[in-house]
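Shown below: my_file.cif, with mmCIF, C-alpha atoms.
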data_model
#
loop_
_atom_site.label_atom_id
_atom_site.label_comp_id
_atom_site.auth_asym_id
_atom_site.auth_seq_id
_atom_site.Cartn_x
_atom_site.Cartn_y
_atom_site.Cartn_z
CA MET A 1061 24.89 -3.37 -10.79
CA SER A 1062 21.80 -1.62 -12.15
CA ASP A 1063 18.66 -0.94 -10.09
CA ALA A 1064 16.81 -3.66 -11.95
CA THR A 1065 19.50 -6.23 -11.14
CA LEU A 1066 19.49 -5.18 -7.48
CA TYR A 1067 15.73 -5.75 -7.25
CA GLY A 1068 16.13 -9.00 -9.20
CA VAL A 1069 18.51 -10.30 -6.55
CA LEU A 1070 16.06 -9.09 -3.88
CA GLY A 1071 13.32 -11.11 -5.61
CA ALA A 1072 15.56 -14.19 -5.65
CA VAL A 1073 16.31 -13.85 -1.92
CA LEU A 1074 12.60 -13.34 -1.12
CA VAL A 1075 11.73 -16.61 -2.88
CA GLY A 1076 14.35 -18.46 -0.81
CA LEU A 1077 13.21 -16.81 2.42
CA GLY A 1078 9.55 -17.63 1.74
CA LEU A 1079 10.40 -21.21 0.82
CA PHE A 1080 12.30 -21.58 4.10
CA GLY A 1081 9.28 -20.33 6.04
CA LEU A 1082 7.01 -22.67 4.10
CA ILE A 1083 9.17 -25.68 5.05
CA VAL A 1084 10.03 -24.98 8.70
CA HIS A 1085 6.87 -23.35 10.09
CA PRO A 1086 4.44 -25.96 11.40
CA GLN A 1087 1.44 -23.58 11.64
CA PRO A 1088 -0.61 -23.53 8.44
CA LEU A 1089 -1.22 -19.78 8.70
CA ARG A 1090 2.53 -19.16 8.76
CA LYS A 1091 2.85 -21.39 5.72
CA ILE A 1092 0.22 -19.30 3.89
CA LEU A 1093 2.13 -16.17 4.87
CA ALA A 1094 5.40 -17.66 3.58
CA PHE A 1095 3.65 -18.71 0.37
CA ASN A 1096 2.68 -15.07 -0.17
CA LEU A 1097 6.31 -14.05 0.42
CA ILE A 1098 7.40 -16.47 -2.32
CA GLY A 1099 4.74 -14.91 -4.53
CA GLY A 1100 6.10 -11.44 -3.84
CA GLY A 1101 9.57 -12.61 -4.87
CA VAL A 1102 8.39 -14.30 -8.05
CA PHE A 1103 6.33 -11.26 -9.05
CA LEU A 1104 9.32 -9.03 -8.43
CA LEU A 1105 11.41 -11.20 -10.79
CA PHE A 1106 8.71 -10.57 -13.41
CA GLY A 1107 8.94 -6.86 -12.63
CA VAL A 1108 12.67 -6.90 -13.22
CA VAL A 1109 12.27 -8.68 -16.55
CA ALA A 1110 9.67 -6.02 -17.44
CA ARG A 1111 11.98 -3.19 -16.34
CA ARG A 1112 14.83 -4.55 -18.45
CA GLY A 1113 12.51 -4.55 -21.45
CA ALA A 1114 11.96 -0.78 -21.23
CA SER A 1115 11.74 0.67 -24.73
CA ALA A 1116 9.48 2.59 -27.09
CA GLY A 1117 9.12 5.32 -24.46
CA LEU A 1118 7.66 2.89 -21.89
CA GLY A 1119 9.34 2.47 -18.50
CA GLY A 1120 8.93 -1.29 -18.74
CA ASP A 1121 7.47 -4.08 -20.84
CA PRO A 1122 3.70 -3.90 -20.11
CA VAL A 1123 3.11 -7.62 -20.81
CA PRO A 1124 4.90 -9.03 -17.73
CA GLN A 1125 3.50 -6.13 -15.70
CA ALA A 1126 -0.04 -7.10 -16.66
CA LEU A 1127 0.78 -10.74 -15.88
CA VAL A 1128 1.81 -9.70 -12.37
CA ILE A 1129 -1.50 -7.92 -11.80
CA THR A 1130 -3.30 -11.09 -12.90
CA GLY A 1131 -1.00 -13.08 -10.63
CA LEU A 1132 -1.67 -10.86 -7.62
CA VAL A 1133 -5.42 -11.37 -7.97
CA VAL A 1134 -5.08 -15.14 -8.34
CA ALA A 1135 -2.66 -15.30 -5.37
CA PHE A 1136 -5.23 -13.44 -3.29
CA ALA A 1137 -7.98 -15.87 -4.35
CA ALA A 1138 -5.77 -18.84 -3.45
CA THR A 1139 -4.90 -17.28 -0.09
CA ALA A 1140 -8.56 -16.62 0.71
CA LEU A 1141 -9.48 -20.21 -0.13
CA ALA A 1142 -6.57 -21.55 1.96
CA VAL A 1143 -7.57 -19.40 4.94
CA ALA A 1144 -11.19 -20.54 4.63
CA LEU A 1145 -10.06 -24.20 4.61
CA LEU A 1146 -7.86 -23.59 7.65
CA LEU A 1147 -10.62 -21.88 9.63
CA ARG A 1148 -13.02 -24.72 8.77
CA LEU A 1149 -10.45 -27.24 9.97
CA PHE A 1150 -10.17 -25.30 13.21
CA GLN A 1151 -13.96 -25.13 13.53
CA GLU A 1152 -14.29 -28.92 13.07
CA THR A 1153 -11.35 -30.14 15.16
CA GLY A 1154 -10.53 -27.25 17.47
CA ARG A 1155 -6.97 -27.47 16.22
CA ALA A 1156 -5.05 -25.80 13.43
CA THR A 1157 -2.41 -28.31 12.55
CA LEU A 1158 -1.44 -30.33 9.50
CA ARG A 1159 -0.45 -33.39 11.57
CA SER A 1160 -2.49 -36.39 10.60
CA ASP A 1161 -2.14 -38.42 13.83
CA ASP A 1162 -4.82 -38.18 16.48
CA SER A 1163 -2.62 -37.59 19.52
CA PRO A 1164 -3.67 -34.47 21.42
CA PRO A 1165 -1.58 -31.40 20.55
CA MET B 1172 21.01 3.92 -6.23
CA ALA B 1173 21.55 4.62 -2.51
CA PHE B 1174 17.78 4.87 -2.09
CA ASP B 1175 17.31 1.55 -3.86
CA ILE B 1176 19.87 -0.22 -1.69
CA GLY B 1177 18.18 1.18 1.42
CA LEU B 1178 14.73 0.16 0.19
CA ALA B 1179 15.87 -3.34 -0.77
CA THR B 1180 17.50 -3.79 2.66
CA LEU B 1181 14.31 -2.64 4.37
CA VAL B 1182 12.14 -5.01 2.32
CA LEU B 1183 14.49 -7.86 3.12
CA GLY B 1184 14.50 -7.00 6.82
CA VAL B 1185 10.70 -6.90 7.04
CA ALA B 1186 10.42 -10.12 5.02
CA ALA B 1187 12.86 -11.85 7.38
CA TRP B 1188 10.75 -10.60 10.30
CA THR B 1189 7.56 -12.15 8.92
CA ILE B 1190 9.36 -15.50 8.81
CA ALA B 1191 11.29 -15.19 12.09
CA ALA B 1192 8.68 -13.55 14.35
CA ARG B 1193 7.53 -15.86 17.14
CA ASP B 1194 4.00 -14.46 17.26
CA THR B 1195 1.81 -15.03 14.19
CA PHE B 1196 -0.04 -11.74 14.67
CA ALA B 1197 3.26 -9.83 14.67
CA ALA B 1198 4.34 -11.75 11.56
CA VAL B 1199 1.15 -10.68 9.76
CA ILE B 1200 1.73 -7.05 10.72
CA GLY B 1201 5.20 -7.46 9.24
CA PHE B 1202 3.63 -8.85 6.08
CA VAL B 1203 1.40 -5.77 5.66
CA ALA B 1204 4.46 -3.51 6.01
CA PHE B 1205 6.29 -5.78 3.55
CA GLY B 1206 3.49 -5.32 1.00
CA LEU B 1207 3.55 -1.53 1.29
CA LEU B 1208 7.34 -1.42 0.91
CA LEU B 1209 7.09 -3.77 -2.05
CA ALA B 1210 4.63 -1.31 -3.63
CA LEU B 1211 7.42 1.30 -3.41
CA VAL B 1212 9.77 -1.15 -5.14
CA TRP B 1213 7.18 -1.50 -7.92
CA VAL B 1214 7.24 2.27 -8.40
CA ARG B 1215 11.03 2.09 -8.62
CA VAL B 1216 10.90 -0.50 -11.40
CA ALA B 1217 8.52 1.76 -13.34
CA ALA B 1218 5.38 -0.32 -12.76
CA PRO B 1219 2.90 2.06 -11.07
CA ASP B 1220 -0.08 -0.11 -12.06
CA VAL B 1221 1.42 -3.07 -10.22
CA ALA B 1222 2.32 -0.82 -7.28
CA LEU B 1223 -1.35 0.10 -6.88
CA ALA B 1224 -2.41 -3.54 -7.09
CA GLU B 1225 0.28 -4.63 -4.62
CA ALA B 1226 -0.65 -1.96 -2.08
CA ALA B 1227 -4.39 -2.59 -2.34
CA LEU B 1228 -4.51 -6.36 -2.84
CA GLY B 1229 -1.16 -7.83 -1.79
CA SER B 1230 -0.83 -5.72 1.32
CA GLY B 1231 -4.32 -4.46 2.14
CA LEU B 1232 -6.86 -7.20 1.44
CA THR B 1233 -4.48 -10.14 1.99
CA GLY B 1234 -3.23 -8.48 5.19
CA GLY B 1235 -6.77 -7.96 6.46
CA LEU B 1236 -7.70 -11.55 5.68
CA LEU B 1237 -4.62 -12.93 7.47
CA LEU B 1238 -5.03 -10.58 10.45
CA SER B 1239 -8.58 -11.71 11.10
CA ALA B 1240 -7.56 -15.37 10.68
CA SER B 1241 -4.60 -15.00 13.03
CA SER B 1242 -6.75 -13.43 15.75
CA ARG B 1243 -9.22 -16.32 15.48
CA LEU B 1244 -6.41 -18.88 15.67
CA ALA B 1245 -4.45 -16.99 18.34
CA HIS B 1246 -4.60 -19.66 21.04
CA THR B 1247 -3.43 -22.45 18.73
CA ASN B 1248 0.07 -20.92 18.67
CA GLY B 1249 1.29 -23.04 21.58
CA SER B 1250 0.99 -26.43 19.89
CA ALA B 1251 3.38 -25.30 17.17
CA VAL B 1252 6.39 -25.52 19.50
CA ILE B 1253 6.03 -29.32 19.74
CA GLU B 1254 5.68 -29.68 15.98
CA LYS B 1255 8.74 -27.60 15.19
CA PRO B 1256 11.13 -29.52 12.91
CA SER B 1257 14.49 -30.62 14.32
CA ALA B 1258 17.64 -28.50 14.05
CA ILE B 1259 19.05 -30.74 11.31
CA MET B 1260 15.86 -30.41 9.27
CA ARG B 1261 15.97 -26.64 9.65
CA LEU B 1262 19.60 -26.51 8.62
CA ALA B 1263 18.91 -28.67 5.57
CA ALA B 1264 15.97 -26.44 4.65
CA ALA B 1265 18.13 -23.33 5.05
CA LEU B 1266 20.80 -24.82 2.79
CA PHE B 1267 18.29 -25.85 0.16
CA CYS B 1268 16.62 -22.42 0.16
CA THR B 1269 19.96 -20.61 -0.03
CA LEU B 1270 20.82 -22.73 -3.05
CA MET B 1271 17.44 -21.87 -4.59
CA SER B 1272 18.00 -18.14 -4.06
CA ALA B 1273 21.55 -18.37 -5.44
CA ALA B 1274 20.31 -20.13 -8.57
CA LEU B 1275 17.60 -17.51 -9.13
CA ALA B 1276 20.06 -14.67 -8.50
CA ALA B 1277 22.46 -16.23 -11.01
CA ILE B 1278 19.66 -16.31 -13.58
CA VAL B 1279 18.93 -12.64 -12.91
CA LEU B 1280 22.61 -11.75 -13.37
CA LEU B 1281 22.87 -13.83 -16.56
CA LEU B 1282 19.71 -12.51 -18.25
CA PRO B 1283 20.27 -11.97 -21.99
CA GLU B 1284 21.40 -8.61 -23.26
CA PRO B 1285 19.63 -6.82 -24.93
CA ALA B 1286 16.52 -7.88 -23.03
CA PRO B 1287 13.67 -9.30 -25.12
CA THR B 1288 10.65 -7.04 -24.95
CA LEU B 1289 7.15 -6.65 -26.31
CA ALA B 1290 7.01 -2.97 -25.35
CA PRO B 1291 7.41 -1.66 -28.95
CA GLN B 1292 4.54 -3.85 -30.20
CA ALA B 1293 2.40 -2.87 -27.21
CA ALA B 1294 3.04 0.81 -27.85
CA ALA B 1295 2.54 0.53 -31.61
CA ASN B 1296 -0.92 -1.02 -31.34
CA LEU B 1297 -2.10 1.18 -28.49
CA ALA B 1298 -3.99 3.52 -30.82
CA ALA B 1299 -6.08 0.63 -32.17
CA THR B 1300 -7.41 -0.12 -28.68
CA GLY B 1301 -8.34 3.49 -27.99
CA LEU B 1302 -6.58 3.23 -24.62
CA GLY B 1303 -3.67 5.29 -23.27
CA ASN B 1304 -2.35 2.87 -20.66
CA PRO B 1305 -0.39 -0.02 -22.21
CA VAL B 1306 -0.89 -2.25 -19.15
CA THR B 1307 -4.67 -1.88 -19.40
CA ALA B 1308 -4.36 -2.57 -23.13
CA VAL B 1309 -2.58 -5.86 -22.35
CA LEU B 1310 -5.19 -6.80 -19.75
CA MET B 1311 -8.25 -5.83 -21.76
CA ALA B 1312 -7.21 -6.25 -25.40
CA TYR B 1313 -3.97 -8.10 -26.23
CA ARG B 1314 -4.33 -10.71 -23.51
CA ALA B 1315 -8.01 -10.31 -22.67
CA ILE B 1316 -8.40 -14.09 -22.44
CA ASP B 1317 -6.09 -14.13 -19.38
CA THR B 1318 -8.29 -11.58 -17.71
CA LEU B 1319 -11.45 -13.49 -18.60
CA LEU B 1320 -10.01 -16.69 -17.10
CA GLU B 1321 -8.84 -14.79 -14.05
CA VAL B 1322 -12.31 -13.44 -13.36
CA VAL B 1323 -13.60 -17.01 -13.59
CA VAL B 1324 -10.86 -18.20 -11.21
CA LEU B 1325 -12.03 -15.59 -8.68
CA LEU B 1326 -15.59 -16.94 -8.94
CA LEU B 1327 -14.34 -20.52 -8.51
CA ALA B 1328 -12.38 -19.51 -5.40
CA LEU B 1329 -15.55 -17.98 -3.99
CA ALA B 1330 -17.55 -21.12 -4.81
CA GLY B 1331 -14.84 -23.14 -3.05
CA THR B 1332 -14.94 -20.89 0.00
CA TRP B 1333 -18.73 -20.99 0.23
CA SER B 1334 -18.78 -24.76 -0.12
CA LEU B 1335 -16.90 -24.97 3.19
CA ALA B 1336 -20.04 -23.86 5.02
CA PRO B 1337 -21.74 -26.47 7.24
CA ASP B 1338 -24.87 -27.81 5.49
CA HIS B 1339 -27.40 -26.18 7.81
CA LEU B 1340 -25.90 -22.72 7.23
CA TRP B 1341 -26.02 -22.88 3.44
CA GLY B 1342 -27.54 -19.72 2.05
CA GLY B 1343 -26.83 -17.91 5.31
CA LEU B 1344 -24.77 -14.83 6.05
CA PRO B 1345 -20.98 -14.71 6.24
CA GLY B 1346 -19.18 -13.09 9.16
CA ARG B 1347 -19.98 -13.07 12.85
CA GLY B 1348 -22.70 -10.46 12.77
CA ASP B 1349 -21.43 -8.52 15.78
CA PRO B 1350 -20.04 -5.25 14.48
CA VAL B 1351 -16.69 -4.33 15.97
CA ASP B 1352 -16.63 -1.12 17.96
CA ARG B 1353 -20.31 -0.18 17.55
CA GLY B 1354 -20.72 3.59 17.73
CA GLY B 1355 -16.98 4.00 18.29
CA VAL B 1356 -14.18 5.66 16.41
CA LEU B 1357 -13.96 2.95 13.75
CA THR B 1358 -17.65 3.30 12.92
CA PHE B 1359 -17.26 7.06 12.65
CA ASP B 1360 -14.20 6.50 10.47
CA ALA B 1361 -16.14 4.15 8.23
CA GLN B 1362 -18.99 6.65 7.86
CA LEU B 1363 -16.49 9.25 6.67
CA LEU B 1364 -14.25 6.98 4.66
CA VAL B 1365 -16.68 4.74 2.79
CA PRO B 1366 -18.24 7.44 0.54
CA ILE B 1367 -14.79 8.92 -0.21
CA GLY B 1368 -13.32 5.46 -0.77
CA ILE B 1369 -16.07 4.56 -3.23
CA LEU B 1370 -15.28 7.72 -5.21
CA VAL B 1371 -11.55 6.94 -5.14
CA GLY B 1372 -12.22 3.36 -6.26
CA ILE B 1373 -14.34 4.50 -9.20
CA HIS B 1374 -11.74 7.13 -10.08
CA ILE B 1375 -8.87 4.60 -10.05
CA PHE B 1376 -10.93 2.32 -12.28
CA TRP B 1377 -11.85 5.14 -14.65
CA VAL B 1378 -8.38 6.65 -15.12
CA GLY B 1379 -7.01 3.14 -15.74
CA SER B 1380 -7.66 3.58 -19.46
CA VAL B 1381 -5.13 6.40 -19.76
CA ALA B 1382 -3.08 6.42 -16.53
CA PRO B 1383 -1.94 3.98 -13.82
CA GLY B 1384 -5.00 2.27 -12.36
CA GLY B 1385 -7.60 -0.07 -13.76
CA GLU B 1386 -10.44 -2.36 -12.90
CA PHE B 1387 -8.55 -4.63 -10.49
CA GLN B 1388 -7.09 -1.79 -8.46
CA GLY B 1389 -10.38 0.13 -8.42
CA ALA B 1390 -12.38 -3.00 -7.59
CA THR B 1391 -10.05 -3.80 -4.67
CA ILE B 1392 -10.68 -0.36 -3.16
CA LEU B 1393 -14.44 -0.75 -3.65
CA ALA B 1394 -14.24 -4.19 -2.02
CA ALA B 1395 -12.30 -2.73 0.92
CA MET B 1396 -15.01 -0.11 1.43
CA TRP B 1397 -17.73 -2.77 1.46
CA ILE B 1398 -15.70 -4.84 3.94
CA LEU B 1399 -15.26 -1.79 6.18
CA ALA B 1400 -18.99 -1.09 6.05
CA MET B 1401 -19.78 -4.73 6.91
CA MET B 1402 -17.18 -4.82 9.71
CA THR B 1403 -18.58 -1.77 11.44
CA GLY B 1404 -22.19 -2.85 10.94
CA LEU B 1405 -23.13 0.02 8.62
CA VAL B 1406 -24.51 -2.66 6.30
CA ASP B 1407 -25.01 -6.34 7.04
CA ALA B 1408 -23.38 -9.04 4.95
CA PRO B 1409 -25.69 -10.41 2.24
CA GLY B 1410 -27.09 -13.95 2.31
CA VAL B 1411 -24.99 -15.97 -0.11
CA SER B 1412 -27.99 -17.27 -2.05
CA GLY B 1413 -29.52 -13.83 -2.60
CA ARG B 1414 -30.53 -13.33 -6.22
CA TRP B 1415 -29.09 -9.81 -6.58
CA LEU B 1416 -25.82 -10.87 -5.07
CA ARG B 1417 -25.50 -13.83 -7.41
CA LEU B 1418 -26.32 -11.55 -10.33
CA ALA B 1419 -23.65 -9.03 -9.31
CA LEU B 1420 -21.10 -11.85 -9.08
CA VAL B 1421 -21.71 -13.32 -12.53
CA VAL B 1422 -22.61 -10.22 -14.55
CA GLY B 1423 -18.95 -9.37 -15.19
CA PRO B 1424 -17.76 -12.75 -16.47
CA ALA B 1425 -21.05 -13.20 -18.38
CA VAL B 1426 -20.76 -9.87 -20.25
CA PHE B 1427 -17.05 -10.54 -20.87
CA LEU B 1428 -17.81 -13.96 -22.33
CA ALA B 1429 -20.74 -12.67 -24.39
CA ILE B 1430 -18.63 -9.91 -25.94
CA GLY B 1431 -15.84 -12.42 -26.48
CA LEU B 1432 -18.20 -14.66 -28.43
CA ALA B 1433 -19.64 -11.68 -30.31
CA GLY B 1434 -16.06 -11.08 -31.47
CA PHE B 1435 -16.47 -14.02 -33.88
CA ALA B 1436 -19.25 -12.18 -35.70
CA LEU B 1437 -17.95 -8.61 -35.42
CA ALA B 1438 -14.20 -8.97 -35.86
CA GLY B 1439 -13.57 -12.58 -36.84
CA ALA B 1440 -12.05 -14.02 -33.64
CA PHE B 1441 -12.82 -14.77 -30.00
CA LEU B 1442 -12.39 -11.61 -27.91
CA ALA B 1443 -11.54 -9.53 -30.99
CA TYR B 1444 -13.01 -6.05 -30.91
CA PRO B 1445 -14.18 -4.03 -33.92
CA GLU B 1446 -11.40 -1.48 -34.26
CA SER B 1447 -13.63 1.59 -34.67
CA HIS B 1448 -15.39 0.94 -31.34
CA ALA B 1449 -12.66 -0.82 -29.38
CA LYS B 1450 -12.68 1.56 -26.42
CA LEU B 1451 -16.47 1.51 -26.10
CA VAL B 1452 -16.46 -2.31 -26.14
CA ILE B 1453 -13.65 -2.43 -23.56
CA LEU B 1454 -15.56 -0.07 -21.26
CA THR B 1455 -18.72 -2.14 -21.68
CA ILE B 1456 -16.73 -5.11 -20.40
CA GLU B 1457 -14.86 -3.22 -17.69
CA VAL B 1458 -17.82 -1.71 -15.84
CA PRO B 1459 -19.64 -4.99 -15.00
CA VAL B 1460 -16.29 -6.79 -14.50
CA THR B 1461 -15.24 -4.18 -11.92
CA LEU B 1462 -18.54 -4.65 -10.09
CA SER B 1463 -18.18 -8.44 -10.11
CA ILE B 1464 -14.53 -8.39 -9.00
CA ALA B 1465 -15.31 -5.97 -6.16
CA ALA B 1466 -18.18 -8.15 -4.92
CA THR B 1467 -16.14 -11.36 -5.25
CA LEU B 1468 -13.09 -9.95 -3.43
CA ALA B 1469 -15.19 -8.61 -0.55
CA LEU B 1470 -17.04 -11.93 -0.16
CA LEU B 1471 -13.78 -13.88 -0.28
CA VAL B 1472 -12.63 -11.85 2.72
CA ALA B 1473 -16.00 -12.29 4.45
CA GLY B 1474 -15.63 -16.08 4.18
CA PRO B 1475 -18.18 -18.91 4.09
CA PRO B 1476 -21.72 -18.46 5.48
CA ASN B 1477 -21.50 -18.52 9.24
CA ARG B 1478 -25.00 -17.55 10.46
CA ALA B 1479 -28.45 -18.70 9.45
CA LEU B 1480 -30.54 -16.34 7.37
CA LYS B 1481 -32.75 -14.22 9.60
#

Using C-alpha cells, write down the structure from this file.
Amino acid sequence: MSDATLYGVLGAVLVGLGLFGLIVHPQPLRKILAFNLIGGGVFLLFGVVARRGASAGLGGDPVPQALVITGLVVAFAATALAVALLLRLFQETGRATLRSDDSPP
Amino acid sequence: MAFDIGLATLVLGVAAWTIAARDTFAAVIGFVAFGLLLALVWVRVAAPDVALAEAALGSGLTGGLLLSASSRLAHTNGSAVIEKPSAIMRLAAALFCTLMSAALAAIVLLLPEPAPTLAPQAAANLAATGLGNPVTAVLMAYRAIDTLLEVVVLLLALAGTWSLAPDHLWGGLPGRGDPVDRGGVLTFDAQLLVPIGILVGIHIFWVGSVAPGGEFQGATILAAMWILAMMTGLVDAPGVSGRWLRLALVVGPAVFLAIGLAGFALAGAFLAYPESHAKLVILTIEVPVTLSIAATLALLVAGPPNRALK
C-alpha cells in the first residue's frame, strides 16, 4: 500500500466518523464540528487524487489542490454562518437544540 | 511509511476523540489538534499550499470560532443527554457510516492506474502566467472564475451572518466589547505578535506567486491578527455600516470582476489576461482580494452586530 492509498483510506474513515457524529450528536455545535470532520475527510480524498497525479516534476496535480483551498474557505464561511445561526437561536430561546416541540429541555 | 502509519493513526485517534468526547469544549480542542495534524498529512501528500490553508483556516480560525461558541453555549450541554438517540439508532448509524467508509475506501483502492492528471498542462502553461507556483496559477489564472465566485460566497456568508442581528442593533458593533484579559499577558502577547503577524501574513501572500503560500493563506493570518487585536481591545470592532469597512469588503471582488470583464476587450474572453502582462494583472487582482478576504474572514469570526453604535 502506497502512502497516498494509506491517506486515502484515512480520508474515507474520517468521512464515516464525521457522518456518525453528525447523526448521533443532538447538540448543533457538535453537528457543526462533525460536519467539519467530514469536510476534512473529503478534502483529504481530493489530496490523494492530486498526489496520485504527480507528474511533470510536480509533487501532485495542482488542480485538485487548488480546489481544496477553495473548499476550505467555503467550509469556513458555512461554519461561521452556522455558528451565527446557532448563537442567535440561543439568544432568542435560551436553548441550543434542534427539537421543534415546546416542552422544556 | 512507518511515519505515515503513525501520523494516520494519530489523526484517526484525535478525530475519534472529537466525536466521542463528552464535553463540547474538549471536543473542540481535539478538533484544533486534528486540524494541525491534518496539515502535516497535507505536507506528506506534497500539498504545502493546502497545509498552510488547513493550519490557518481549518484549524486556527474555525477552531477559534467554535471555541468561542462552545464557551457561550457551555451550560446547554446538560439538555443533550435527554435528546440522545436510542442505542438501536446509534447502532444503525454506526453500521451505515461504516458502510459509507468502506465504499469510499474501496473507491480509493480501485482508482484507475495510471492516475489521470492535469499536472503536465498546468506546468506547461506556467510560463504564460508569469507565476512560479502552479497552485496559485490554478487559483488565479486557469480557474480564476472559481476564485471569483468563492470571494463572492464569502461576502454572502458575511451578509447572512450580519442579517442575524436584532433590528435595533443594525449598523452596530460586533463582539461583546469587553476585552479579555485587559493589561494582562494576552494583551502583551498581542502587542508583540500583531505587527510580526501582519508581516508574516503579507510575506505568505507575496511568496505565493513562486512558493507555497498565496492570498487565502496570507489573508487568514492577517484576519487572525485583526481578531487578536479586537479580542484584547487594542482596536475596537468596526461598526458594520461604516463606509470604509464596506469599501474594504467589496474592493476585492469588484476589482476582480472589473478585470474579468476587461478580459473581453484585452484578451478576448472573461477573466482572460493579456499574456505579456499576466503577472501584473494577477497581482492587481490579488492585492485588493487579499484585503477583502482578510476583512471578511475576521468579521465572520466576530459575528453579527451585538452592541449599538456609540

Could you write out as a ChimeraX atom specification the residues that the PyMOL selection byres ((chain B and resi 1318-1333) around 7) matches in the shown file? /A:1130,1134,1137-1138,1141,1144 /B:1310,1315-1317,1334-1336,1424,1427,1467,1471,1474-1476

Show me as an MDAnalysis selection string the residues that reach within 10 Å of (5.1, -3.7, -13.1), counting all atoms listed in the file and using the file's own coordinates. (chainID A and resid 1103:1104 1106:1111 1119:1129) or (chainID B and resid 1210 1212:1225 1306)

Near Gly1434 in chain B, within 7 Å and counting all atoms listed in the file, which residues show up once chain neighbours fewer than 5 positions away are dropped, as a VMD selection string? chain B and resid 1439 to 1444

With 10 Å as the threshold, what does the neighbourhood of (11.8, -15.5, -4.2) contain in terms of residues, counting all atoms listed in the file? Coordinates are those of the file; answer as a PyMOL selection string. (chain A and resi 1068-1079+1095-1105) or (chain B and resi 1268+1271-1272+1275-1276)

Would you work out the distance separating CA of Gly1354 in chain B from CA of Leu1416 in chain B, expressed in Å to one decimal? 27.5 Å

Give as a ChimeraX atom specification the residues that the PyMOL selection byres ((chain B and resi 1297) around 12) matches when applied to the coordinates above. /A:1116,1118,1122 /B:1290-1296,1298-1309,1311-1313,1380-1381,1446,1449-1450

Interatomic distance, CA of Ala1473 in chain B to CA of Ala1140 in chain A (Å, one decimal):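 Result for CA of Ala1473 in chain B versus CA of Ala1140 in chain A: 9.4 Å, one decimal.
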
Given the file shown, determine the residues that the PyMOL selection byres ((chain B and resi 1404-1410) around 6) selects; report them as a list in words.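 When the PyMOL selection byres ((chain B and resi 1404-1410) around 6) is applied, the selected residues are Gly1342, Gly1343, Leu1344, Pro1350, Ala1400, Met1401, Met1402, Thr1403, Val1411, Ser1412 and Gly1413 of chain B.
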
So what do you get for CA of Leu1462 in chain B versus CA of Ile1398 in chain B, distance-wise? 14.3 Å

Nearby residues (all atoms listed in the file) at most 12 Å from Lys1091 in chain A, same-chain spacing under 2 positions excluded, as a PyMOL selection string: (chain A and resi 1077-1089+1093-1098+1139+1142-1143+1146+1156-1158) or (chain B and resi 1189-1190+1195+1198-1199+1237)

Could you give me the axis-aligned bounding box of range 1309-1315 of chain B, with 6 Å of padding per side, as centre plus edge lengths in Å to one decimal, as AutoDock Vina command-line options?
--center_x -5.4 --center_y -8.3 --center_z -23.0 --size_x 17.7 --size_y 16.9 --size_z 18.5

Name the residues in contact with Pro1337 in chain B at a cut-off of 12 Å, using all atoms listed in the file, excluding same-chain residues fewer than 6 positions from it; report them as a PyMOL selection string. (chain A and resi 1148-1149+1151-1152) or (chain B and resi 1343+1345+1475-1479)

For Ala1466 in chain B, please output as a ChimeraX atom specification all residues within 9 Å (counting all atoms listed in the file; exclusion window: fewer than 2 positions along the same chain). /B:1390,1393-1394,1397,1416,1419-1420,1461-1464,1468-1471

Quick one: of B:Asp1338, B:Glu1284, B:Asp1360, B:Asp1175, who's nearest to Arg1112 in chain A, counting only C-alpha atoms? B:Glu1284

For Trp1188 in chain B, please output as a list in words all residues within 9 Å (counting all atoms listed in the file; exclusion window: fewer than 5 positions along the same chain).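 Everything that qualifies: Leu1183, Ala1197, Ala1198, Gly1201 and Phe1202 of chain B.
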
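For the choices B:Leu1236, B:Ala1227, B:Leu1207, B:Val1426, the atom-to-atom distance to chain A is smallest for B:Leu1236 when using all atoms listed in the file.
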